[in-house]
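Enquirer: Coordinates in start30.tsv, TSV, C-alpha atoms and all ligand atoms, are listed below.
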```
chain	number	residue	atom	x	y	z
A	20	MET	CA	81.41	125.54	85.96
A	21	LEU	CA	80.19	122.14	87.24
A	22	GLY	CA	80.26	119.57	84.48
A	23	SER	CA	82.59	121.72	82.38
A	24	ARG	CA	86.14	120.87	81.30
A	25	ARG	CA	86.97	124.36	80.16
A	26	HIS	CA	89.26	125.20	83.11
A	27	PHE	CA	91.33	122.05	82.63
A	28	PRO	CA	93.89	122.21	79.81
A	29	ALA	CA	94.72	118.49	80.11
A	30	LEU	CA	91.06	117.69	79.43
A	31	THR	CA	90.38	120.27	76.73
A	32	ALA	CA	93.46	118.93	74.91
A	33	GLU	CA	91.71	115.55	74.64
A	34	PRO	CA	88.02	116.30	74.12
A	35	ASP	CA	87.05	112.66	73.50
A	36	LEU	CA	88.71	111.36	76.63
A	37	VAL	CA	86.48	110.45	79.58
A	38	TYR	CA	88.74	110.80	82.60
A	39	LEU	CA	87.32	108.85	85.55
A	40	ASP	CA	90.36	108.45	87.77
A	41	ALA	CA	90.24	111.61	89.88
A	42	ALA	CA	90.66	109.50	93.02
A	43	SER	CA	94.21	108.77	91.84
A	44	GLY	CA	94.95	112.28	90.67
A	45	THR	CA	93.02	115.28	89.40
A	46	PRO	CA	94.16	117.40	86.45
A	47	CYS	CA	95.17	120.96	87.39
A	48	PRO	CA	92.80	123.80	86.49
A	49	GLU	CA	94.09	127.02	84.88
A	50	PRO	CA	94.15	129.08	88.12
A	51	VAL	CA	96.39	126.49	89.79
A	52	ILE	CA	98.71	126.33	86.80
A	53	ALA	CA	98.82	130.14	86.75
A	54	GLN	CA	99.66	130.24	90.46
A	55	LEU	CA	102.41	127.67	90.10
A	56	THR	CA	103.86	129.45	87.08
A	57	ALA	CA	103.77	132.82	88.83
A	58	GLU	CA	105.66	131.33	91.77
A	59	LEU	CA	108.33	129.88	89.51
A	60	ARG	CA	108.66	133.07	87.46
A	61	GLY	CA	108.77	135.38	90.46
A	62	PRO	CA	111.44	136.11	93.09
A	63	ALA	CA	113.24	132.90	94.01
A	64	GLY	CA	113.57	133.47	97.76
A	65	ASN	CA	113.65	130.45	100.05
A	66	PRO	CA	110.89	130.90	102.67
A	67	GLY	CA	112.43	131.34	106.11
A	68	ARG	CA	116.00	131.14	104.84
A	69	GLY	CA	117.48	134.60	104.69
A	70	GLY	CA	116.38	138.07	105.69
A	71	HIS	CA	116.49	139.78	102.31
A	72	PRO	CA	113.31	140.92	100.56
A	73	TRP	CA	113.01	137.86	98.29
A	74	ALA	CA	113.21	135.47	101.26
A	75	ARG	CA	110.83	137.60	103.33
A	76	ASP	CA	108.35	137.76	100.49
A	77	ALA	CA	108.55	134.00	99.92
A	78	LEU	CA	107.84	133.44	103.60
A	79	ARG	CA	104.85	135.77	103.52
A	80	ARG	CA	103.40	133.93	100.50
A	81	PHE	CA	104.03	130.57	102.18
A	82	GLU	CA	102.14	131.64	105.30
A	83	GLU	CA	99.30	133.00	103.19
A	84	ALA	CA	99.09	129.62	101.50
A	85	ARG	CA	98.96	127.90	104.89
A	86	ALA	CA	96.14	130.17	106.04
A	87	ALA	CA	94.14	129.47	102.88
A	88	VAL	CA	94.53	125.68	103.15
A	89	ALA	CA	93.74	125.75	106.88
A	90	ALA	CA	90.54	127.71	106.22
A	91	PHE	CA	89.60	125.28	103.44
A	92	LEU	CA	89.96	122.32	105.81
A	93	GLY	CA	88.01	124.05	108.54
A	94	ALA	CA	90.93	124.20	110.99
A	95	SER	CA	90.67	126.66	113.90
A	96	ALA	CA	93.98	128.32	113.06
A	97	PRO	CA	96.65	128.21	110.31
A	98	ASP	CA	99.26	126.80	112.71
A	99	GLU	CA	97.25	123.56	112.87
A	100	VAL	CA	98.24	122.78	109.26
A	101	ALA	CA	101.61	121.91	107.73
A	102	PHE	CA	102.52	121.08	104.14
A	103	THR	CA	103.72	117.57	103.34
A	104	ARG	CA	104.58	115.32	100.45
A	105	GLY	CA	101.09	113.97	99.76
A	106	ALA	CA	98.92	112.10	102.21
A	107	THR	CA	101.48	109.29	102.40
A	108	GLY	CA	104.11	111.72	103.68
A	109	ALA	CA	101.60	113.21	106.10
A	110	MET	CA	100.65	109.83	107.59
A	111	ALA	CA	104.29	108.75	107.90
A	112	PHE	CA	104.95	112.03	109.73
A	113	LEU	CA	102.05	111.42	112.13
A	114	THR	CA	103.14	107.91	113.04
A	115	ASP	CA	106.75	108.95	113.61
A	116	ARG	CA	106.45	112.31	115.26
A	117	TRP	CA	103.07	112.16	117.01
A	118	GLY	CA	101.85	108.56	117.31
A	119	ALA	CA	105.01	107.35	119.02
A	120	THR	CA	104.47	109.89	121.82
A	121	VAL	CA	100.81	109.02	122.23
A	122	LEU	CA	101.77	105.35	122.57
A	123	ALA	CA	104.81	105.85	124.80
A	124	ASP	CA	103.13	103.97	127.66
A	125	GLY	CA	101.66	101.27	125.41
A	126	GLY	CA	98.12	100.84	124.14
A	127	ASP	CA	96.20	99.86	121.03
A	128	ILE	CA	96.02	101.35	117.58
A	129	LEU	CA	92.66	100.57	115.98
A	130	TYR	CA	92.88	100.31	112.21
A	131	CYS	CA	91.04	98.79	109.29
A	132	PRO	CA	93.06	96.30	107.18
A	133	GLY	CA	90.76	97.16	104.26
A	134	ASP	CA	91.96	100.76	104.12
A	135	HIS	CA	94.56	102.32	101.82
A	136	LEU	CA	98.05	100.93	102.38
A	137	SER	CA	99.49	104.43	102.87
A	138	THR	CA	97.28	104.68	105.91
A	139	VAL	CA	97.58	101.15	107.22
A	140	ARG	CA	101.27	100.37	106.76
A	141	PRO	CA	102.87	103.15	108.82
A	142	TRP	CA	100.71	102.26	111.81
A	143	LEU	CA	101.51	98.55	111.50
A	144	ARG	CA	105.21	99.42	111.33
A	145	LEU	CA	104.89	101.59	114.43
A	146	ALA	CA	103.02	98.85	116.30
A	147	GLU	CA	105.75	96.37	115.39
A	148	ARG	CA	108.50	98.75	116.48
A	149	MET	CA	106.77	99.55	119.77
A	150	ARG	CA	105.68	96.03	120.62
A	151	PRO	CA	108.19	95.88	123.50
A	152	GLN	CA	106.41	98.90	125.04
A	153	GLY	CA	103.07	97.10	124.91
A	154	VAL	CA	101.71	98.59	121.67
A	155	ARG	CA	99.33	96.51	119.56
A	156	ALA	CA	97.57	97.05	116.25
A	157	VAL	CA	93.97	95.85	116.56
A	158	ALA	CA	91.86	95.44	113.41
A	159	TYR	CA	88.26	96.37	112.76
A	160	ARG	CA	86.43	95.40	109.58
A	161	ARG	CA	84.37	96.91	106.82
A	162	ASP	CA	81.49	95.09	105.16
A	163	ARG	CA	81.66	94.17	101.47
A	164	LEU	CA	80.23	97.57	100.48
A	165	GLY	CA	82.92	99.41	102.41
A	166	ARG	CA	80.92	100.44	105.47
A	167	ILE	CA	82.64	100.14	108.84
A	168	HIS	CA	81.19	97.25	110.79
A	169	LEU	CA	80.11	99.07	113.94
A	170	ASP	CA	79.79	95.93	116.06
A	171	ASP	CA	83.23	94.81	115.02
A	172	PHE	CA	84.60	98.26	115.76
A	173	ALA	CA	83.00	98.19	119.21
A	174	ARG	CA	84.48	94.73	119.83
A	175	ALA	CA	87.97	95.94	118.90
A	176	ALA	CA	87.77	99.15	120.96
A	177	SER	CA	88.63	99.20	124.66
A	178	ASP	CA	90.08	101.45	127.33
A	179	ARG	CA	93.47	100.37	125.97
A	180	THR	CA	92.74	102.12	122.66
A	181	ARG	CA	94.91	105.20	122.24
A	182	ILE	CA	94.62	105.93	118.52
A	183	VAL	CA	91.75	105.20	116.11
A	184	VAL	CA	92.82	105.35	112.47
A	185	ALA	CA	89.85	105.84	110.12
A	186	THR	CA	89.26	106.83	106.51
A	187	ASP	CA	86.75	109.55	105.76
A	188	VAL	CA	85.90	108.37	102.22
A	189	HIS	CA	87.08	104.93	101.13
A	190	ASN	CA	89.26	104.99	98.02
A	191	LEU	CA	87.54	102.00	96.36
A	192	HIS	CA	83.99	101.88	97.69
A	193	GLY	CA	83.51	105.65	97.90
A	194	THR	CA	81.70	105.19	101.21
A	195	ARG	CA	81.82	108.10	103.67
A	196	THR	CA	82.37	107.18	107.29
A	197	ASP	CA	79.76	108.41	109.74
A	198	LEU	CA	82.22	109.61	112.38
A	199	GLU	CA	79.45	110.39	114.84
A	200	ALA	CA	78.33	106.77	114.82
A	201	LEU	CA	81.78	105.34	115.63
A	202	PRO	CA	82.01	104.17	119.26
A	203	ILE	CA	85.43	105.76	119.85
A	204	PRO	CA	86.51	105.19	123.45
A	205	PRO	CA	87.33	108.31	125.52
A	206	SER	CA	90.93	107.08	125.88
A	207	ALA	CA	91.51	107.43	122.12
A	208	THR	CA	92.34	110.15	119.61
A	209	LEU	CA	90.96	109.93	116.07
A	210	CYS	CA	93.38	110.13	113.13
A	211	LEU	CA	91.42	110.67	109.91
A	212	ASP	CA	92.51	110.06	106.34
A	213	CYS	CA	90.78	112.77	104.29
A	214	SER	CA	92.59	112.00	101.03
A	215	GLN	CA	89.36	111.25	99.19
A	216	SER	CA	87.00	113.64	100.93
A	217	ALA	CA	89.01	116.87	100.60
A	218	GLY	CA	87.83	118.65	97.49
A	219	ARG	CA	84.76	116.44	97.11
A	220	LEU	CA	82.76	117.04	100.26
A	221	PRO	CA	82.78	119.80	102.90
A	222	LEU	CA	85.38	119.28	105.63
A	223	ARG	CA	85.08	121.04	108.98
A	224	LEU	CA	87.95	119.52	110.89
A	225	ALA	CA	87.74	121.79	113.93
A	226	GLU	CA	84.15	120.69	114.50
A	227	SER	CA	84.78	117.03	113.71
A	228	ARG	CA	85.94	114.26	116.03
A	229	ALA	CA	89.28	114.08	114.22
A	230	GLU	CA	92.19	115.61	116.10
A	231	VAL	CA	94.75	114.75	113.46
A	232	ALA	CA	94.17	114.27	109.73
A	233	VAL	CA	95.92	113.94	106.37
A	234	VAL	CA	95.08	115.41	102.97
A	235	SER	CA	96.31	114.68	99.44
A	236	GLY	CA	96.86	117.79	97.29
A	237	HIS	CA	96.88	116.10	93.89
A	238	LYS	CA	93.42	114.65	94.47
A	239	MET	CA	91.97	118.12	95.01
A	240	PHE	CA	93.44	119.89	91.95
A	241	GLY	CA	96.80	120.76	93.54
A	242	PRO	CA	100.15	119.97	91.92
A	243	PRO	CA	101.43	116.36	92.05
A	244	GLY	CA	103.10	115.38	95.30
A	245	THR	CA	101.51	118.07	97.45
A	246	GLY	CA	99.57	117.43	100.64
A	247	ALA	CA	98.91	118.58	104.16
A	248	VAL	CA	98.72	117.34	107.72
A	249	TYR	CA	96.30	118.71	110.29
A	250	VAL	CA	97.03	118.51	114.01
A	251	ARG	CA	94.72	120.25	116.44
A	252	ARG	CA	96.50	122.59	118.87
A	253	GLY	CA	95.56	120.40	121.82
A	254	GLN	CA	97.78	117.67	120.31
A	255	HIS	CA	100.82	119.88	119.58
A	256	HIS	CA	102.55	119.03	122.87
A	257	ARG	CA	102.77	115.43	121.66
A	258	ILE	CA	104.75	116.29	118.52
A	259	VAL	CA	108.44	115.45	118.55
A	260	VAL	CA	110.40	118.49	117.34
A	261	ASP	CA	114.03	118.20	116.31
A	262	ARG	CA	115.28	121.69	117.12
A	263	ALA	CA	118.44	121.27	115.06
A	264	ALA	CA	116.82	119.97	111.88
A	265	GLY	CA	117.09	122.14	108.82
A	266	ARG	CA	117.47	125.37	110.77
A	267	SER	CA	120.18	126.95	108.66
A	268	GLY	CA	118.36	130.27	108.28
A	269	PRO	CA	116.53	132.64	110.58
A	270	ALA	CA	113.94	131.00	112.79
A	271	ARG	CA	110.61	130.41	111.09
A	272	HIS	CA	108.68	129.13	114.06
A	273	VAL	CA	104.93	128.92	113.57
A	274	SER	CA	103.99	125.97	115.77
A	275	PRO	CA	105.50	122.67	116.97
A	276	LEU	CA	103.63	121.06	114.09
A	277	THR	CA	105.24	123.20	111.40
A	278	ASP	CA	108.65	122.97	113.09
A	279	ALA	CA	108.51	119.19	112.91
A	280	ALA	CA	106.71	118.66	109.59
A	281	GLU	CA	108.40	121.35	107.53
A	282	GLU	CA	112.07	120.64	108.13
A	283	GLY	CA	114.44	121.72	105.39
A	284	SER	CA	113.66	123.92	102.40
A	285	LEU	CA	109.98	124.28	101.64
A	286	ASP	CA	108.00	123.73	98.46
A	287	GLY	CA	106.72	127.29	98.31
A	288	ALA	CA	105.40	126.95	94.78
A	289	GLY	CA	103.54	123.74	95.61
A	290	ALA	CA	102.03	125.28	98.74
A	291	ALA	CA	100.86	128.38	96.89
A	292	ALA	CA	99.36	126.31	94.10
A	293	LEU	CA	97.61	124.02	96.60
A	294	ALA	CA	96.13	127.12	98.21
A	295	GLY	CA	95.08	128.19	94.70
A	296	ALA	CA	93.31	124.83	94.33
A	297	ALA	CA	91.46	125.39	97.61
A	298	THR	CA	90.36	128.83	96.42
A	299	PHE	CA	89.25	127.36	93.09
A	300	ILE	CA	87.08	124.75	94.81
A	301	ASP	CA	85.70	127.26	97.30
A	302	GLY	CA	84.71	129.45	94.37
A	303	ILE	CA	82.42	126.64	93.21
A	304	GLY	CA	81.35	125.57	96.69
A	305	LEU	CA	81.74	122.12	98.18
A	306	ASP	CA	78.02	121.69	98.76
A	307	ALA	CA	77.53	122.17	95.04
A	308	VAL	CA	80.40	119.79	94.21
A	309	GLY	CA	79.02	117.08	96.51
A	310	GLY	CA	75.57	117.53	94.97
A	311	HIS	CA	76.93	117.34	91.43
A	312	LEU	CA	78.88	114.18	92.27
A	313	ALA	CA	75.79	112.62	93.85
A	314	GLY	CA	73.88	113.22	90.62
A	315	LEU	CA	76.59	111.55	88.51
A	316	ALA	CA	77.04	108.63	90.92
A	317	ALA	CA	73.27	108.05	91.08
A	318	ARG	CA	72.97	108.15	87.29
A	319	PHE	CA	75.75	105.59	87.05
A	320	ALA	CA	74.29	103.32	89.75
A	321	ASP	CA	70.87	103.46	88.13
A	322	GLY	CA	72.24	102.63	84.68
A	323	ALA	CA	74.64	99.96	85.91
A	324	THR	CA	71.91	97.95	87.64
A	325	ARG	CA	70.23	97.60	84.23
A	326	ILE	CA	73.32	95.99	82.71
A	327	GLY	CA	73.32	92.23	83.24
A	328	GLY	CA	76.33	90.96	85.15
A	329	VAL	CA	77.33	94.24	86.82
A	330	THR	CA	77.64	94.24	90.61
A	331	LEU	CA	77.97	97.55	92.43
A	332	LEU	CA	80.54	97.51	95.24
A	333	GLY	CA	79.27	100.47	97.24
A	334	PRO	CA	76.16	101.35	99.23
A	335	PRO	CA	73.09	102.64	97.35
A	336	VAL	CA	73.50	106.21	96.10
A	337	ASP	CA	70.94	108.84	97.04
A	338	ALA	CA	70.98	111.56	94.37
A	339	GLY	CA	69.62	114.02	96.95
A	340	ARG	CA	72.55	113.67	99.37
A	341	PRO	CA	76.16	114.75	98.77
A	342	HIS	CA	78.33	111.90	97.48
A	343	SER	CA	82.04	111.37	96.96
A	344	GLY	CA	81.55	110.58	93.27
A	345	ILE	CA	83.64	107.41	93.70
A	346	VAL	CA	81.87	104.26	92.53
A	347	ALA	CA	83.17	100.70	92.26
A	348	PHE	CA	81.79	97.75	90.38
A	349	ALA	CA	82.59	94.28	89.06
A	350	LEU	CA	81.62	92.52	85.88
A	351	ASP	CA	80.73	88.84	86.21
A	352	GLY	CA	83.55	86.56	85.15
A	353	GLN	CA	85.93	89.38	84.11
A	354	ALA	CA	89.11	90.51	85.81
A	355	GLY	CA	89.22	94.19	86.71
A	356	PRO	CA	92.23	95.02	84.52
A	357	ASP	CA	90.49	93.43	81.50
A	358	VAL	CA	87.42	95.60	82.03
A	359	ALA	CA	89.61	98.67	82.48
A	360	PHE	CA	91.48	97.86	79.28
A	361	ALA	CA	88.22	97.41	77.34
A	362	LEU	CA	87.10	100.83	78.61
A	363	GLU	CA	90.47	102.39	77.86
A	364	ARG	CA	90.11	101.33	74.24
A	365	ARG	CA	86.94	103.41	74.14
A	366	GLY	CA	88.75	106.41	75.62
A	367	ILE	CA	87.51	105.93	79.19
A	368	TYR	CA	90.13	105.89	81.95
A	369	VAL	CA	89.23	104.08	85.18
A	370	ARG	CA	91.23	102.29	87.86
A	371	ALA	CA	91.64	98.54	88.35
A	372	GLY	CA	94.28	96.29	89.88
A	373	ASP	CA	95.32	96.33	93.51
A	374	HIS	CA	93.74	99.73	94.31
A	375	CYS	CA	96.56	100.24	96.87
A	376	LEU	CA	94.65	97.87	99.15
A	377	ASP	CA	95.69	94.62	100.74
A	378	GLY	CA	93.94	91.94	98.69
A	379	PRO	CA	90.89	93.61	97.10
A	380	ARG	CA	88.70	91.41	94.87
A	381	ASP	CA	90.50	91.14	91.56
A	382	ASP	CA	87.40	92.01	89.56
A	383	ALA	CA	86.97	95.42	91.26
A	384	VAL	CA	86.97	98.47	88.99
A	385	ARG	CA	86.70	102.05	90.22
A	386	ALA	CA	85.32	105.06	88.41
A	387	SER	CA	85.85	108.36	90.18
A	388	PHE	CA	83.99	111.40	88.92
A	389	HIS	CA	84.84	114.97	89.70
A	390	LEU	CA	83.47	118.41	89.07
A	391	TYR	CA	84.52	118.50	85.38
A	392	ASN	CA	82.57	115.31	84.54
A	393	ASP	CA	79.05	115.45	83.15
A	394	GLU	CA	76.16	113.11	82.36
A	395	ASN	CA	77.60	112.35	78.96
A	396	ASP	CA	80.70	110.92	80.66
A	397	VAL	CA	78.48	108.68	82.80
A	398	ASP	CA	76.62	107.51	79.72
A	399	ARG	CA	79.87	106.76	77.87
A	400	LEU	CA	80.96	104.65	80.84
A	401	LEU	CA	77.63	102.79	80.84
A	402	GLN	CA	77.88	102.15	77.10
A	403	GLY	CA	81.42	100.88	77.55
A	404	LEU	CA	80.32	98.56	80.33
A	405	THR	CA	77.41	97.28	78.29
A	406	ALA	CA	79.80	96.41	75.48
A	407	ALA	CA	82.24	94.77	77.90
A	408	ALA	CA	79.43	92.74	79.49
A	409	GLU	CA	78.34	91.47	76.09
A	410	ARG	CA	81.78	89.93	75.55
A	411	THR	CA	81.18	87.32	78.25
B	1	LIG	C1	92.42	106.89	101.06
B	1	LIG	C2	93.80	107.24	100.62
B	1	LIG	N1	94.75	107.47	101.54
B	1	LIG	C3	96.01	107.82	101.19
B	1	LIG	C4	96.38	107.94	99.87
B	1	LIG	C5	97.78	108.33	99.52
B	1	LIG	O1	97.76	109.64	99.04
B	1	LIG	P1	99.00	110.33	98.34
B	1	LIG	O2	98.95	109.93	96.91
B	1	LIG	O3	98.75	111.80	98.50
B	1	LIG	O4	100.24	109.91	99.02
B	1	LIG	C6	95.42	107.70	98.87
B	1	LIG	C7	95.79	107.77	97.46
B	1	LIG	O5	95.17	107.19	96.61
B	1	LIG	C8	94.10	107.36	99.26
B	1	LIG	O6	93.15	107.12	98.36
```
Translate the structure described by the file into structure tokens.
Expert:
Amino acid sequence: MLGSRRHFPALTAEPDLVYLDAASGTPCPEPVIAQLTAELRGPAGNPGRGGHPWARDALRRFEEARAAVAAFLGASAPDEVAFTRGATGAMAFLTDRWGATVLADGGDILYCPGDHLSTVRPWLRLAERMRPQGVRAVAYRRDRLGRIHLDDFARAASDRTRIVVATDVHNLHGTRTDLEALPIPPSATLCLDCSQSAGRLPLRLAESRAEVAVVSGHKMFGPPGTGAVYVRRGQHHRIVVDRAAGRSGPARHVSPLTDAAEEGSLDGAGAAALAGAATFIDGIGLDAVGGHLAGLAARFADGATRIGGVTLLGPPVDAGRPHSGIVAFALDGQAGPDVAFALERRGIYVRAGDHCLDGPRDDAVRASFHLYNDENDVDRLLQGLTAAAERT
């Protein structure tokens, strides 16, 4: 299964394409497409809206999907997970309906300006809105390879810190944060962006230091626009629930989290298909996925260092340790979009441009491997880079 495209119709339809942009969005495998199709073909009940058999059945399937995704994320219970519109929707929910309560008496939000804008912006907006209550956004830095600067983090942290916003795997550098090493003050709660780790590396949220987290469904083989938010039960009392919102059918109370995050009609098909994606990945095993990605990333790093003019923008890759499979690089004297275009002409799709970051270096290019990629894909990328480097 690892290194094989056979479960991915979008990839088998284009056998010569080397798709290296999984960190933006993964193609859907057959079981996920089958799940989505079955949902759309089946009874059209609206989960939680109506007491007839179709509605009851839709609700049952929705809750089964929740349980599957919660288990995949390593939550203690299904009611700690709610479905959202991607990780962006999940983070906006957290700032609005949880963060504002945590910060009601003032305090600092620690964040990294070098993180994804979907993660940074909502917290900056909240800090701005709550400035009169004594809320501040305090920055900590990453080094040029994407590792959190621990001294800088320690300098920014204080007993005023209420929320630490961190990214599990960085979307450009591919670096995984060592959460244990972060000097998080006891006054603070950790909010973790797992958009790039879910589906690539094992996640055990209940055992981690994160009490709230966000996940992107379309980066872990779910349908576009799906996602999830995790809030540990101990944080549920801080969620703002609007009792009147969207309650036009029988009550569908699961937890304060689901009441607040799942207002209105639900995307039952998306939830079921996201659960199908979790089952698909579990069937392969995340340890195996992380190992496979480490092998590909190490092969790339090894080959890239032999090409004159290539600079790697992530920490050294150890083939023996699980890796995100996200690698970034720059080619001397060439803008990122030019390199990406040169690769695209050889049928290799990577990411360049702003990377959804605030001011990344304009020569940065990202290749993100996933479980369907193989060594041949890495070699095609290296050949493409060699050709691009020779143009300078
Ligand atoms: C680290 C990180 N956070 C958040 C997001 C936003 O995710 P979504 O597309 O699900 O809104 C992304 C997407 O690229 C990401 O890489």
Enquirer: Tell me which of A:His311, A:Arg80, A:Arg219, A:Arg174 sits closest to Ala290 (chain A), counting all atoms listed in the file.
Expert: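 Smallest separation from Ala290 (chain A) among the options: A:Arg80.
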Enquirer: If I take CA of Leu211 (chain A) and CA of Ser343 (chain A), how far is one from the other in Å, to one decimal?
Expert: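 Between these atoms lies a distance of 16.0 Å.
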Enquirer: Pick out the closest residue to ligand LIG 1 (chain B) from this set: A:Val121, A:Ala280, A:Cys375, A:Val250. Count all atoms listed in the file.
Expert: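 The closest residue to ligand LIG 1 (chain B) is A:Cys375.
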Enquirer: Write out as a ChimeraX atom specification which residues come within 12 Å of Val231 (chain A) when counting all atoms listed in the file, dropping same-chain ones fewer than 2 positions away.
Expert: /A:92,94,99-101,109-110,112-114,117-118,182-186,207-213,224-225,227-229,233-234,247-255,257-258,276
Enquirer: Using only C-alpha atoms and all ligand atoms, tabulate the residues of chain A lying at most 10 Å from any atom of ligand LIG 1 (chain B), each with its closest atom pair and that distance in Å to one decimal, by chain and increasing residue number, as CSV.
Expert:
```
residue,atom,partner,partner_atom,distance
A:Ala41,CA,B:LIG1,O5,9.4
A:Ala42,CA,B:LIG1,O5,6.2
A:Ser43,CA,B:LIG1,O5,5.1
A:Gly44,CA,B:LIG1,O2,7.8
A:Thr103,CA,B:LIG1,O3,9.0
A:Arg104,CA,B:LIG1,O4,7.1
A:Gly105,CA,B:LIG1,O3,3.4
A:Ala106,CA,B:LIG1,O3,3.7
A:Thr107,CA,B:LIG1,O4,3.7
A:Gly108,CA,B:LIG1,O4,6.3
A:Ala109,CA,B:LIG1,O4,7.9
A:Met110,CA,B:LIG1,C3,8.2
A:Ala111,CA,B:LIG1,O4,9.8
A:Asp134,CA,B:LIG1,C1,6.9
A:His135,CA,B:LIG1,C1,5.1
A:Leu136,CA,B:LIG1,C3,7.3
A:Ser137,CA,B:LIG1,C3,5.1
A:Thr138,CA,B:LIG1,N1,5.8
A:Val139,CA,B:LIG1,N1,9.0
A:Ala185,CA,B:LIG1,C1,9.5
A:Thr186,CA,B:LIG1,C1,6.3
A:Asp187,CA,B:LIG1,C1,7.8
A:Val188,CA,B:LIG1,C1,6.8
A:His189,CA,B:LIG1,C1,5.7
A:Asn190,CA,B:LIG1,O6,4.4
A:Leu191,CA,B:LIG1,O6,7.9
A:Gly193,CA,B:LIG1,C1,9.5
A:Leu211,CA,B:LIG1,N1,9.6
A:Asp212,CA,B:LIG1,N1,5.9
A:Cys213,CA,B:LIG1,C1,6.9
A:Ser214,CA,B:LIG1,C2,4.9
A:Gln215,CA,B:LIG1,C1,5.6
A:Ser216,CA,B:LIG1,C1,8.7
A:Val233,CA,B:LIG1,C3,8.0
A:Val234,CA,B:LIG1,O3,6.8
A:Ser235,CA,B:LIG1,O3,3.9
A:Gly236,CA,B:LIG1,O3,6.4
A:His237,CA,B:LIG1,O3,6.6
A:Lys238,CA,B:LIG1,O3,7.3
A:Met239,CA,B:LIG1,O3,9.9
A:Pro243,CA,B:LIG1,O3,8.3
A:Gly244,CA,B:LIG1,O3,6.5
A:Thr245,CA,B:LIG1,O3,6.9
A:Gly246,CA,B:LIG1,O3,6.1
A:Ala247,CA,B:LIG1,O3,8.8
A:His374,CA,B:LIG1,O5,7.9
A:Cys375,CA,B:LIG1,O5,7.1
A:Leu376,CA,B:LIG1,O6,9.4
```
Enquirer: One decimal, Å: what's the distance from CA of His26 (chain A) over to CA of Ile52 (chain A), could you say?
Expert: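 Computed distance, CA of His26 (chain A) to CA of Ile52 (chain A), equals 10.2 Å.
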Enquirer: Contacts of Phe299 (chain A) at 9 Å or less, counting all atoms listed in the file, minus same-chain residues fewer than 2 places along, as a list in words?
Expert: Pro48, Pro50, Val51, Phe240, Ala294, Gly295, Ala296, Ala297, Asp301, Gly302, Ile303 and Gly304 of chain A
Enquirer: Any idea what's packed within 12 Å of Ala263 (chain A), counting all atoms listed in the file, ignoring anything in its chain fewer than 6 positions away? Could you give it as a compact mmCIF listing (two decimals) with C-alpha atoms, keeping the file's coordinate frame?
Expert:
```txt
# COMPACT_ATOMS: atom_id res chain seq x y z
CA ALA A 270 113.94 131.00 112.79
CA ASP A 278 108.65 122.97 113.09
CA ALA A 279 108.51 119.19 112.91
CA GLU A 282 112.07 120.64 108.13
CA GLY A 283 114.44 121.72 105.39
```
Enquirer: When you count all atoms listed in the file, which of these residues is closest to Phe388 (chain A): A:Val37, A:Ala86, A:Ala408, A:Leu164?
Expert: A:Val37
Enquirer: Around all of region 98-107 of chain A's listed atoms, make the axis-aligned box with 6 Å on each side and tell me centre and edge lengths in Å to one decimal, as lines of an AutoDock Vina configuration file.
Expert:
```
center_x = 100.9
center_y = 118.0
center_z = 106.3
size_x = 19.3
size_y = 29.5
size_z = 25.1
```
Enquirer: Counting only C-alpha atoms, figure out which residue out of A:Asp396, A:Asp171, A:Asp357, A:Asp98 gets nearest to Arg410 (chain A).
Expert: A:Asp357
